[in-house]
Amino acid sequence: MEVAANCSLRVKRPLLDPRFEGYKLSLEPLPCYQLELDAAVAEVKLRDDQYTLEHMHAFGMYNYLHCDSWFQDSVYYIDNLGRIMNLTVMLVQEMPNIPISRSNKYEIIKRDILRGKSVPHYAAIESDGNGLMVVSYKSFTFVQVDQDLEENKDEIMSEKIKEPLYYWQQTEDDLTVTIRLPQDSNKEDVQVQFLPDRINIVVKGQRLLEGNLYSSIDHESSTWTMKDNSLEISLIKKSEGLTWPELIVGDKQGELIRDSAQCAAIAERLMHLTSEELNPNPDKEKPPCNAQELEECDIFFEESSSLCRFDGITLKTTHVVNLGSNQYLFSVIVDPKEMPCFCLRHDVDALLWQPHSSKQGDMWEHIATFNALGYVQASKRDKKFFACAPNYSYAALCECLRRVFIYRQPTPMSTVLYNRKEGRQIGQVAKQQVASIETNDPILGFQATNERLFVLTTKNLFLIKVNTEN
């Protein structure tokens, strides 16, 4: 029996900057151009039965804007008339008739299904077609479909992935648990028992959920109610401010939904990484980022992510990298002849990795670092898309509405500045810029090139010129 090789990602120390002190806010304006679309973007709308967090990851966070990896500053999207639309810098053209060669015939000679219980963060086929790489927080396996299984393929394809029994979220004071009840349930069918360290739930005579809570609750103040065929439970924490990593000790049937109040509190503690002043006071003590100091945003409640390589012939897993708390951020095509790069959070930083299918001994290369962006992106409560320039000159993220944040790599200073606390000369400065687009429509697509940022909304396409020197 073949066993997949356990691998690790080798960080290049020369690409790290342990003395990085943060980003300085720049008020330099960025030119922004707006193009009104003649037809709205084709969106995938969630059905009523697609209400889970996995559905939101798969459809709600989908990037509807696509870059031409062979020709920078050219992007594509599909409108609700079924047309493939292309914008090349300032020229938009419709392509209603795409020439198709009729001399070639294709047929399926082999079909395999890759199945998992989570949305893959990253999936790419190797340039030589000999393998597939997947980043996900739940494992994937191939299910072979041959002639013996062909008659059962509809059953295999329609099999539903088991959904969590309950969803829960928390604040510093309480926890809210939501459980979907069987059809036609009423209050008389539900029995909930609150104990100081335990909870028992019985529905229609069957024990639905029970176990020891992670910490103590005020069982006399805890309540439950029914709403839209769901059971909603409110638990009051005895220890205010304590973050629970799990609801019931050892129970894996639930899924945590992060609370916005917690994110806001974390954001305040991360504000020292960015500046709200154009010229911050050099006497003001702002310690540099310390990769050893981790805060609440370093805690990941979901299962550890993994990077897996599958062999294209045997369909077996050949390499596995346990990513642990190295949160997946985004992917970008740096070289069209290579697989897309993926960016992971490593402590406070964001590191860009280039897969090399031809190098079996060193399959993933650390090619760039975006200082402190691991913390910065964690502080953005409403972030939606993350991207970077193919030449690594800047990284950018956008929120669900209006705002775009740009973080440039450190560049040499035109004047001499000193860190008065340490008495050393500051040779470089990293800038943060903020751009606001003039619309209240949600952002549906986001792409970065070396020169420009493209932002797609329902009815408009915005172009932000990032490199203003040309």
# chains A, B, ... in the order shown; residues from 1 in each chain; ligands from 1
>>> residues_around(residues="Gly241 (chain A)", least_positions_apart="3", cutoff="9 Å", atoms="only C-alpha atoms", output="ChimeraX atom specification")
/A:171-173,237
>>> write_last_selection(atoms="N, CA, C and O atoms", output="PDB file, in the first residue's frame")
ATOM      1  N   THR A 171     -20.520  35.836  21.445  1.00  0.00           N
ATOM      2  CA  THR A 171     -19.991  37.150  21.782  1.00  0.00           C
ATOM      3  C   THR A 171     -19.238  37.000  23.100  1.00  0.00           C
ATOM      4  O   THR A 171     -19.056  35.885  23.596  1.00  0.00           O
ATOM      5  N   GLU A 172     -18.806  38.095  23.689  1.00  0.00           N
ATOM      6  CA  GLU A 172     -18.103  37.989  24.965  1.00  0.00           C
ATOM      7  C   GLU A 172     -19.037  37.549  26.080  1.00  0.00           C
ATOM      8  O   GLU A 172     -18.590  37.016  27.096  1.00  0.00           O
ATOM      9  N   ASP A 173     -20.361  37.764  25.889  1.00  0.00           N
ATOM     10  CA  ASP A 173     -21.311  37.491  26.966  1.00  0.00           C
ATOM     11  C   ASP A 173     -22.142  36.234  26.766  1.00  0.00           C
ATOM     12  O   ASP A 173     -22.568  35.620  27.749  1.00  0.00           O
ATOM     13  N   LYS A 237     -22.928  33.098  29.160  1.00  0.00           N
ATOM     14  CA  LYS A 237     -21.644  32.652  29.705  1.00  0.00           C
ATOM     15  C   LYS A 237     -21.494  33.059  31.172  1.00  0.00           C
ATOM     16  O   LYS A 237     -21.840  34.184  31.551  1.00  0.00           O
TER      17      LYS A 237
END
>>> residues_around(residues="region 61-64 of chain A", least_positions_apart="5", cutoff="7 Å", atoms="only C-alpha atoms", output="number ranges by chain")
A: 56, 77, 384, 444-446
>>> atom_distance(atom1="CA of Arg111 (chain A)", atom2="CA of Phe142 (chain A)")
10.3 Å
>>> closest_residue(among="A:Asp38, A:Ser239, A:Thr439, A:Phe385", to="Met85 (chain A)", atoms="only C-alpha atoms")
A:Asp38
>>> residues_around(residues="Ala123 (chain A)", least_positions_apart="2", cutoff="9 Å", atoms="only C-alpha atoms", output="ChimeraX atom specification")
/A:120-121,125,132-136
>>> closest_residue(among="A:Ile248, A:Val190, A:Leu231, A:Val143", to="Ser216 (chain A)", atoms="only C-alpha atoms")
A:Ile248
>>> closest_residue(among="A:Glu163, A:Arg309, A:Ile443, A:Asn130", to="Asn6 (chain A)", atoms="only C-alpha atoms")
A:Arg309
